[in-house]
Amino acid sequence: MDSGEADVSSHQKVEDVENNLQTLPRVDIDVGRECESPKETSDGRSCESTESERDSRSASISSIDTSWIGIDSLGCQTSEVSSANKFEMDVDGEQQSQILKVPSSSFSGIGIAVKDEEVTYVIPKVGMEFESEDQAYKCYSRYAVLEGFSIRKDFVNKSRINGAVVSRRYTCYRQGYRPTKHNVNARKPRQETRTGCLAHMTIARQPNGRFRVTHFETKHNHEFVTPNTAHVLPSQKRLTFALAVEADLANNSSIDVKPKLGMGFDSEDHAYDFYNAYAGQVGFSVRKDYVNRSKIDGAVASRRFTCFREGFRQRDKRDMNVKRSRKETRIGCLAQLVISRQSDGKYRVTHFEEHHNHELVAACRVRMLRSQKKLAVCQVVEGDVQDVTKVQPKSTPELSHNSVGDDHGYNPINYKSKLPSKSTRSMKVGEAERIQHYLQSKQLKNPPFIYAVQLDAEDQISNIFWADAKMMVDYIDFGDVVCFDTTYKLIKDTRAYSLFTGVNNHKQMLIFGAALLYDDTVESLKWLFLTFIEVMSGKKPKTILTDEDAVLAEAIDSALPETHYRICVWHVYKKVLRQLNHRFVGSDSFINDLCSCFFDHEEGEDFVNAWKVMLDVYGLWENEWLDNIFKDREKWAIAYQRHIFCADLKTAQLHEDFTANLRKYLKSDSDVLSFFKHVGKMVNDWHYKELEANYDMNQHMPRLMGDVILLKHVRDVYTPKIFELFQQEYETCLNIVVNQCTENGSLFKYKVSIYGQLREFIVTYNLSDETVACNCMKFEFMGVLCSHALKVLDYRNIKVLPNHYILKRWTRDARV
């Protein structure tokens with residue numbers, strides 16, 4: 001292998017960099033007055049000479065895609081960059097520099113104003129003016145991120161008359177020194193970041209109200225960060241959403257070269273950056289492992305970089321006393337890269353192991369890896385959503401025929417299902433046009449987006465339903481239990497917002513679809529449910545949970561006769577809380593007791609006793625409204641109708657109270673589009689939580705309570721959240737005793753109870769088909785075997801959970 005191939009710095013072609021630089025967008029600068037002579041800086045040099053004498057920069061600038069420059073709205077501009085601008089690079093990698101040549105007349109004059117429009121890369125200079133101090137800060141911050149350092153707001157001088165800022169200094173985040181007294185008593189001293197760096201920019205307010213740069217120091221006494229890590233600098237975390245996405249796209253340059261033996265690097269940091277970038281493309285994280293230093297000068301002689309799943313975690317006796325032990329990440333992976341320093345001073349690859357003993361991370365989740373953390377959250381969400389848009393569920397023929405002018409021939413209006421009368425609510429002036437324009441634009445940008453409209457007798461929009469590709473895919477995977485949330489009824493005179501929600505395999509909330517109902521009659525609700533099912537490829541839920549409403553019950557019975565209908569305990573709980581809140585304002589004990597009464601009792605007798613205790617403690621025996629709620633308890637309480645599968649939806653609702661989240665969007669005087677946008681944001685937020693849960697599931701194995709074959713088996717099958725529930729049931733079963741066993745052919749009946757308790761549960765075991773059933777019906781209700789059934793399986797020496805007691809919707813492969 002010749003030396004040219006081994007050098008990493010030669011992988012980037014100079015010609016490509018020149019072409020990229022030439023494509024920088026043209027931006028105009030408003031020169032408020034004629035440019036004067038260059039103003040001297042504090043060290044006696046002009047701004048022009050300071051620019052020409054800049055030190056050669058690190059790869060933090062030379063590797064940045066210049067297409068990123070110019071996409072933001074932070075408020076500073078630069079002049080047009082000449083097409084003759086070039087990067088000056090040494091092919092051997094010994095010296096890399098970028099000289100951005102700007103005509104001196106562009107920036108050197110006093111009074112040059114930067115408009116508050118799109119921002120591009122601009123080097124601040126003495127005499128440059130900004131419309132505001134915030135604009136100056138953002139411009140200096142942009143300059144800093146391209147250089148590779150972070151900035152800090154330091155000194156500020158305010159007017160004693162009106163408190164306005166007179167002058168301000170922005171410094172490098174490594175300015176000054178931290179007082180030593182802060183680390184004296186610290187158990188884990190903070191890492192020292194300040195090195196006394198003098199780089200800074202000072203601005204002062206002028207008579208015209210603008211802020212002018214009065215001093216600009218460019219020299220730093222420390223190394224800059226690389227472009228791959230610039231986004232994690234403290235001041236760069238304040239980038240706007242668009243800028244963060246563009247920064248991530250710009251820094252995500254592809255590397256097509258895999259490490260090879262003999263490949264050379266200028267430093268160990270360059271080798272790490274290269275291997276880490278390669279790891280990002282492949283799908284793993286990198287850890288700095290073994291290092292061998294010279295006994296003469298202390299320099300690194302050799303270094304090994306490994307996969308973050310290398311080795312095994314050593315047993316620590318402290319782990320035995322923690323409530324929540326750390327998850328296991330290391331599984332003995334041997335993938336690694338070893339470099340050694342050569343006589344010429346370069347580091348060359350002496351060993352490279354490519355293969356891993358575990359699954360690699362998907363591209364959409366790579367940025368969650370520790371060594372790859374340059375994540376723009378919304379970009380990952382949108383990127384993963386684009387993958388699911390390839391799955392396009394069927395839409396009904398009625399929703400896709402008779403074009404009414406749409407370019408795609410799509411007609412969302414079903415004329416056969418018009419209301420026989422005028423809708424009970426009226427739209428505001430112009431509201432129908434805004435809604436229609438928003439939905440049409442969404443569909444143009446994302447064709448799998450589907451919406452349907454129902455008209456009233458006067459051909460006015462009455463009801464609207466919509467769902468995007470992510471919602472439809474979620475429903476296909478987890479649409480066995482649906483909650484139709486009618487949150488809008490909690491607030492008087494609001495629009496009829498409604499959501500179809502569910503829960504995924506991590507017990508996280510999902511949105512399957514949303515609706516605006518301006519008519520809440522049986523005909524409208526029946527149309528909504530039928531449209532929902534048709535959009536979802538005809539798949540009907542096994543269970544639907546709604547608020548207590550006679551009209552809703554009639555519509556569901558007509559549209560979904562085969563679906564189990566239950567009143568959602570969460571809705572009843574919120575209704576009771578709202579009804580009684582005025583009597584117990586600020587009483588945390590009442591809220592806690594009420595919540596425990598509704599959600600902590602799975603047996604009818606326990607629930608009734610808890611209800612009576614609550615009435616006694618808070619003097620509610622005379623409350624007729626509560627008495628009526630209690631009479632209908634079998635329709636909503638989780639202790640009843642346990643044979644109906646509900647996917648433990650109430651637990652997810654406890655953690656994701658979107659009623660409170662949507663409340664500010666349910667005001668009658670608010671713009672209807674805010675609700676559309678907020679629902680989209682909720683979908684993205686919840687989707688990102690699922691991405692995090694999937695990543696965490698693939699990288700960490702839950703800790704076992706002991707060396708148990710049954711637990712080892714289900715840990716590899718269930719998601720961590722479900723495994724945690726299962727392990728709790730298994731732990732309980734260790735304290736259960738078998739009191740009696742009767743046999744009738746192949747049917748065995750066991751009476752079991754928790755040690756020291758009188759209540760018994762009856763568990764039946766069928767030897768012919770190896771099925772087990774408990775009268776508590778936990779498995780039928782939420783899909784996880786109860787501790788009573790697990791005790792009987794253990795009693796029968798069954799050490800592996802039968803497959804028919806593992807619901808796919810709770811497994812790691814639920815979406816496969």
# chains A, B, ... in the order shown; residues from 1 in each chain; ligands from 1
call {"tool": "closest_atom_pairs", "arguments": {"of": "stretch 486-548 of chain A", "to": "stretch 451-473 of chain A", "cutoff": "9 Å", "atoms": "only C-alpha atoms", "output": "Markdown table"}}
result
| residue | atom | partner | partner_atom | distance |
| --- | --- | --- | --- | --- |
| A:Leu510 | CA | A:Met471 | CA | 7.8 |
| A:Ile511 | CA | A:Met471 | CA | 6.1 |
| A:Phe512 | CA | A:Met471 | CA | 4.5 |
| A:Gly513 | CA | A:Ala467 | CA | 4.7 |
| A:Ala514 | CA | A:Trp466 | CA | 5.6 |
| A:Ala515 | CA | A:Phe465 | CA | 4.3 |
| A:Leu516 | CA | A:Ile464 | CA | 5.1 |
| A:Leu517 | CA | A:Asn463 | CA | 4.6 |
| A:Tyr518 | CA | A:Ser462 | CA | 5.2 |
| A:Asp519 | CA | A:Ser462 | CA | 6.2 |
| A:Ser524 | CA | A:Asn463 | CA | 7.2 |
| A:Trp527 | CA | A:Gln454 | CA | 7.9 |
| A:Leu528 | CA | A:Phe465 | CA | 7.1 |
| A:Thr531 | CA | A:Ala452 | CA | 7.6 |
| A:Phe532 | CA | A:Phe465 | CA | 7.7 |
| A:Val535 | CA | A:Met472 | CA | 8.0 |
| A:Met536 | CA | A:Met472 | CA | 6.1 |
| A:Ser537 | CA | A:Met472 | CA | 8.8 |
call {"tool": "select_by_dssp", "arguments": {"residues": "stretch 491-628 of chain A", "states": "strand (DSSP E)", "output": "count of residues only"}}
result
25
call {"tool": "atom_distance", "arguments": {"atom1": "atom CA of A:Ser417", "atom2": "atom CA of A:Lys539"}}
result
20.6 Å
call {"tool": "residues_around", "arguments": {"residues": "stretch 701-706 of chain A", "least_positions_apart": "2", "cutoff": "8 Å", "atoms": "only C-alpha atoms", "output": "compact mmCIF listing (two decimals) with N, CA and C atoms, in the first residue's frame"}}
result
# COMPACT_ATOMS: atom_id res chain seq x y z
N SER A 325 -30.97 -0.41 38.97
CA SER A 325 -29.61 -0.70 38.51
C SER A 325 -29.39 -0.25 37.08
N ARG A 326 -28.13 0.00 36.75
CA ARG A 326 -27.79 0.42 35.40
C ARG A 326 -28.04 -0.70 34.41
N LYS A 327 -28.40 -0.31 33.19
CA LYS A 327 -28.65 -1.30 32.16
C LYS A 327 -27.34 -1.80 31.56
N GLU A 328 -27.36 -3.03 31.12
CA GLU A 328 -26.16 -3.64 30.57
C GLU A 328 -25.98 -3.22 29.11
N THR A 329 -24.78 -2.72 28.79
CA THR A 329 -24.50 -2.29 27.42
C THR A 329 -23.39 -3.10 26.77
N MET A 697 -33.74 0.30 23.78
CA MET A 697 -34.03 -1.13 23.82
C MET A 697 -32.96 -1.93 23.09
N ASN A 698 -32.47 -1.40 21.98
CA ASN A 698 -31.48 -2.13 21.18
C ASN A 698 -30.08 -2.05 21.77
N GLN A 699 -29.84 -1.06 22.62
CA GLN A 699 -28.50 -0.87 23.15
C GLN A 699 -28.33 -1.39 24.57
N VAL A 708 -32.56 -16.65 36.22
CA VAL A 708 -33.80 -17.40 36.05
C VAL A 708 -34.03 -17.63 34.56
N LEU A 711 -37.04 -15.68 33.03
CA LEU A 711 -36.78 -14.25 32.84
C LEU A 711 -35.82 -14.01 31.68
N LYS A 712 -34.81 -14.86 31.55
CA LYS A 712 -33.88 -14.72 30.44
C LYS A 712 -34.61 -14.86 29.11
N ARG A 715 -36.93 -11.71 28.51
CA ARG A 715 -36.17 -10.47 28.35
C ARG A 715 -35.77 -10.25 26.90
N PRO A 720 -38.41 -3.50 27.06
CA PRO A 720 -38.01 -3.29 28.47
C PRO A 720 -39.16 -2.91 29.39
N PHE A 723 -41.19 -6.03 29.96
CA PHE A 723 -40.40 -6.97 30.76
C PHE A 723 -40.36 -6.54 32.23
N GLU A 724 -40.30 -5.25 32.47
CA GLU A 724 -40.31 -4.75 33.85
C GLU A 724 -41.60 -5.17 34.56
N GLN A 727 -41.45 -8.97 35.15
CA GLN A 727 -40.53 -9.34 36.22
C GLN A 727 -41.13 -9.02 37.58
call {"tool": "closest_residue", "arguments": {"among": "A:Lys575, A:Ile629, A:Ser371, A:Leu615", "to": "A:Phe590", "atoms": "only C-alpha atoms"}}
result
A:Leu615
call {"tool": "residues_around", "arguments": {"residues": "A:Ala789", "least_positions_apart": "3", "cutoff": "9 Å", "atoms": "only C-alpha atoms", "output": "list in words"}}
result
Cys733, Val763, Thr764, Tyr765, Val772, Ala773, Cys774, Leu785, Cys786, Val792, Leu793 and Asp794 of chain A
call {"tool": "residues_around", "arguments": {"residues": "stretch 594-606 of chain A", "least_positions_apart": "3", "cutoff": "9 Å", "atoms": "only C-alpha atoms", "output": "count of residues only"}}
result
21
call {"tool": "residues_around", "arguments": {"residues": "stretch 153-165 of chain A", "least_positions_apart": "6", "cutoff": "12 Å", "atoms": "only C-alpha atoms", "output": "list in words"}}
result
Ser132, Glu133, Asp134, Ala136, Tyr137, Lys138, Tyr140, Ser141, Thr171, Cys172, Tyr173, Arg174, Gln175, Gly176, Leu198, Ala199, His200, Met201, Thr202, Ile203, Ala204, Arg205, Gln206, Gly209, Arg210, Phe211, Pro234 and Ser235 of chain A
call {"tool": "atom_distance", "arguments": {"atom1": "atom CA of A:Ala301", "atom2": "atom CA of A:Gln342"}}
result
8.4 Å
call {"tool": "decode", "arguments": {"residues": "stretch 340-352 of chain A", "atoms": "all heavy atoms", "output": "PDB file, in the first residue's frame"}}
result
ATOM      1  N   SER A 340      -0.684   3.273  15.645  1.00  0.00           N
ATOM      2  CA  SER A 340       0.634   3.387  16.279  1.00  0.00           C
ATOM      3  C   SER A 340       1.409   4.511  15.610  1.00  0.00           C
ATOM      4  O   SER A 340       1.289   4.731  14.400  1.00  0.00           O
ATOM      5  CB  SER A 340       1.417   2.078  16.142  1.00  0.00           C
ATOM      6  OG  SER A 340       0.765   1.028  16.814  1.00  0.00           O
ATOM      7  N   ARG A 341       2.227   5.225  16.423  1.00  0.00           N
ATOM      8  CA  ARG A 341       3.018   6.335  15.884  1.00  0.00           C
ATOM      9  C   ARG A 341       4.246   5.786  15.173  1.00  0.00           C
ATOM     10  O   ARG A 341       4.938   4.891  15.674  1.00  0.00           O
ATOM     11  CB  ARG A 341       3.430   7.287  16.994  1.00  0.00           C
ATOM     12  CG  ARG A 341       4.048   8.582  16.489  1.00  0.00           C
ATOM     13  CD  ARG A 341       4.292   9.562  17.602  1.00  0.00           C
ATOM     14  NE  ARG A 341       5.224   9.039  18.597  1.00  0.00           N
ATOM     15  CZ  ARG A 341       5.709   9.772  19.589  1.00  0.00           C
ATOM     16  NH1 ARG A 341       5.339  11.029  19.728  1.00  0.00           N
ATOM     17  NH2 ARG A 341       6.542   9.228  20.463  1.00  0.00           N
ATOM     18  N   GLN A 342       4.511   6.337  13.994  1.00  0.00           N
ATOM     19  CA  GLN A 342       5.630   5.893  13.177  1.00  0.00           C
ATOM     20  C   GLN A 342       6.808   6.861  13.324  1.00  0.00           C
ATOM     21  O   GLN A 342       6.708   7.914  13.970  1.00  0.00           O
ATOM     22  CB  GLN A 342       5.201   5.797  11.709  1.00  0.00           C
ATOM     23  CG  GLN A 342       3.958   4.943  11.496  1.00  0.00           C
ATOM     24  CD  GLN A 342       4.142   3.513  11.962  1.00  0.00           C
ATOM     25  OE1 GLN A 342       5.115   2.853  11.591  1.00  0.00           O
ATOM     26  NE2 GLN A 342       3.198   3.023  12.767  1.00  0.00           N
ATOM     27  N   SER A 343       7.892   6.517  12.699  1.00  0.00           N
ATOM     28  CA  SER A 343       9.107   7.346  12.800  1.00  0.00           C
ATOM     29  C   SER A 343       8.922   8.717  12.176  1.00  0.00           C
ATOM     30  O   SER A 343       9.594   9.676  12.557  1.00  0.00           O
ATOM     31  CB  SER A 343      10.280   6.617  12.124  1.00  0.00           C
ATOM     32  OG  SER A 343       9.956   6.328  10.763  1.00  0.00           O
ATOM     33  N   ASP A 344       8.011   8.819  11.189  1.00  0.00           N
ATOM     34  CA  ASP A 344       7.768  10.120  10.561  1.00  0.00           C
ATOM     35  C   ASP A 344       6.810  10.989  11.367  1.00  0.00           C
ATOM     36  O   ASP A 344       6.448  12.092  10.942  1.00  0.00           O
ATOM     37  CB  ASP A 344       7.235   9.933   9.140  1.00  0.00           C
ATOM     38  CG  ASP A 344       5.926   9.145   9.106  1.00  0.00           C
ATOM     39  OD1 ASP A 344       5.458   8.716  10.197  1.00  0.00           O
ATOM     40  OD2 ASP A 344       5.380   8.935   8.003  1.00  0.00           O
ATOM     41  N   GLY A 345       6.350  10.516  12.509  1.00  0.00           N
ATOM     42  CA  GLY A 345       5.463  11.296  13.366  1.00  0.00           C
ATOM     43  C   GLY A 345       3.992  11.053  13.121  1.00  0.00           C
ATOM     44  O   GLY A 345       3.153  11.490  13.911  1.00  0.00           O
ATOM     45  N   LYS A 346       3.656  10.372  12.040  1.00  0.00           N
ATOM     46  CA  LYS A 346       2.255  10.086  11.737  1.00  0.00           C
ATOM     47  C   LYS A 346       1.793   8.837  12.478  1.00  0.00           C
ATOM     48  O   LYS A 346       2.596   8.034  12.944  1.00  0.00           O
ATOM     49  CB  LYS A 346       2.058   9.891  10.235  1.00  0.00           C
ATOM     50  CG  LYS A 346       2.128  11.185   9.441  1.00  0.00           C
ATOM     51  CD  LYS A 346       1.609  10.961   8.028  1.00  0.00           C
ATOM     52  CE  LYS A 346       1.543  12.281   7.273  1.00  0.00           C
ATOM     53  NZ  LYS A 346       0.957  12.114   5.928  1.00  0.00           N
ATOM     54  N   TYR A 347       0.476   8.712  12.575  1.00  0.00           N
ATOM     55  CA  TYR A 347      -0.127   7.528  13.178  1.00  0.00           C
ATOM     56  C   TYR A 347      -0.719   6.671  12.068  1.00  0.00           C
ATOM     57  O   TYR A 347      -1.459   7.179  11.211  1.00  0.00           O
ATOM     58  CB  TYR A 347      -1.220   7.924  14.179  1.00  0.00           C
ATOM     59  CG  TYR A 347      -0.685   8.574  15.423  1.00  0.00           C
ATOM     60  CD1 TYR A 347      -0.412   9.941  15.463  1.00  0.00           C
ATOM     61  CD2 TYR A 347      -0.438   7.816  16.566  1.00  0.00           C
ATOM     62  CE1 TYR A 347       0.092  10.534  16.608  1.00  0.00           C
ATOM     63  CE2 TYR A 347       0.058   8.400  17.710  1.00  0.00           C
ATOM     64  CZ  TYR A 347       0.319   9.757  17.732  1.00  0.00           C
ATOM     65  OH  TYR A 347       0.831  10.350  18.866  1.00  0.00           O
ATOM     66  N   ARG A 348      -0.400   5.389  12.082  1.00  0.00           N
ATOM     67  CA  ARG A 348      -0.898   4.500  11.048  1.00  0.00           C
ATOM     68  C   ARG A 348      -1.674   3.353  11.681  1.00  0.00           C
ATOM     69  O   ARG A 348      -1.413   2.934  12.811  1.00  0.00           O
ATOM     70  CB  ARG A 348       0.242   3.959  10.186  1.00  0.00           C
ATOM     71  CG  ARG A 348       0.990   5.066   9.462  1.00  0.00           C
ATOM     72  CD  ARG A 348       1.820   4.554   8.300  1.00  0.00           C
ATOM     73  NE  ARG A 348       2.476   5.669   7.630  1.00  0.00           N
ATOM     74  CZ  ARG A 348       1.926   6.389   6.664  1.00  0.00           C
ATOM     75  NH1 ARG A 348       0.705   6.098   6.249  1.00  0.00           N
ATOM     76  NH2 ARG A 348       2.589   7.383   6.102  1.00  0.00           N
ATOM     77  N   VAL A 349      -2.673   2.864  10.908  1.00  0.00           N
ATOM     78  CA  VAL A 349      -3.514   1.768  11.376  1.00  0.00           C
ATOM     79  C   VAL A 349      -2.704   0.477  11.357  1.00  0.00           C
ATOM     80  O   VAL A 349      -2.205   0.053  10.313  1.00  0.00           O
ATOM     81  CB  VAL A 349      -4.764   1.625  10.485  1.00  0.00           C
ATOM     82  CG1 VAL A 349      -5.595   0.430  10.931  1.00  0.00           C
ATOM     83  CG2 VAL A 349      -5.587   2.903  10.518  1.00  0.00           C
ATOM     84  N   THR A 350      -2.595  -0.158  12.520  1.00  0.00           N
ATOM     85  CA  THR A 350      -1.854  -1.427  12.617  1.00  0.00           C
ATOM     86  C   THR A 350      -2.782  -2.618  12.803  1.00  0.00           C
ATOM     87  O   THR A 350      -2.377  -3.756  12.631  1.00  0.00           O
ATOM     88  CB  THR A 350      -0.864  -1.366  13.791  1.00  0.00           C
ATOM     89  OG1 THR A 350      -1.582  -1.077  15.003  1.00  0.00           O
ATOM     90  CG2 THR A 350       0.180  -0.287  13.549  1.00  0.00           C
ATOM     91  N   HIS A 351      -4.036  -2.353  13.183  1.00  0.00           N
ATOM     92  CA  HIS A 351      -5.002  -3.447  13.323  1.00  0.00           C
ATOM     93  C   HIS A 351      -6.408  -2.891  13.154  1.00  0.00           C
ATOM     94  O   HIS A 351      -6.716  -1.813  13.669  1.00  0.00           O
ATOM     95  CB  HIS A 351      -4.870  -4.132  14.689  1.00  0.00           C
ATOM     96  CG  HIS A 351      -5.816  -5.279  14.869  1.00  0.00           C
ATOM     97  ND1 HIS A 351      -5.659  -6.475  14.207  1.00  0.00           N
ATOM     98  CD2 HIS A 351      -6.934  -5.412  15.629  1.00  0.00           C
ATOM     99  CE1 HIS A 351      -6.634  -7.306  14.553  1.00  0.00           C
ATOM    100  NE2 HIS A 351      -7.423  -6.674  15.421  1.00  0.00           N
ATOM    101  N   PHE A 352      -7.257  -3.611  12.424  1.00  0.00           N
ATOM    102  CA  PHE A 352      -8.636  -3.185  12.217  1.00  0.00           C
ATOM    103  C   PHE A 352      -9.540  -4.413  12.206  1.00  0.00           C
ATOM    104  O   PHE A 352      -9.364  -5.311  11.386  1.00  0.00           O
ATOM    105  CB  PHE A 352      -8.779  -2.408  10.907  1.00  0.00           C
ATOM    106  CG  PHE A 352     -10.214  -2.113  10.536  1.00  0.00           C
ATOM    107  CD1 PHE A 352     -11.028  -1.391  11.399  1.00  0.00           C
ATOM    108  CD2 PHE A 352     -10.747  -2.561   9.333  1.00  0.00           C
ATOM    109  CE1 PHE A 352     -12.348  -1.126  11.066  1.00  0.00           C
ATOM    110  CE2 PHE A 352     -12.051  -2.290   8.997  1.00  0.00           C
ATOM    111  CZ  PHE A 352     -12.862  -1.572   9.858  1.00  0.00           C
TER     112      PHE A 352
END
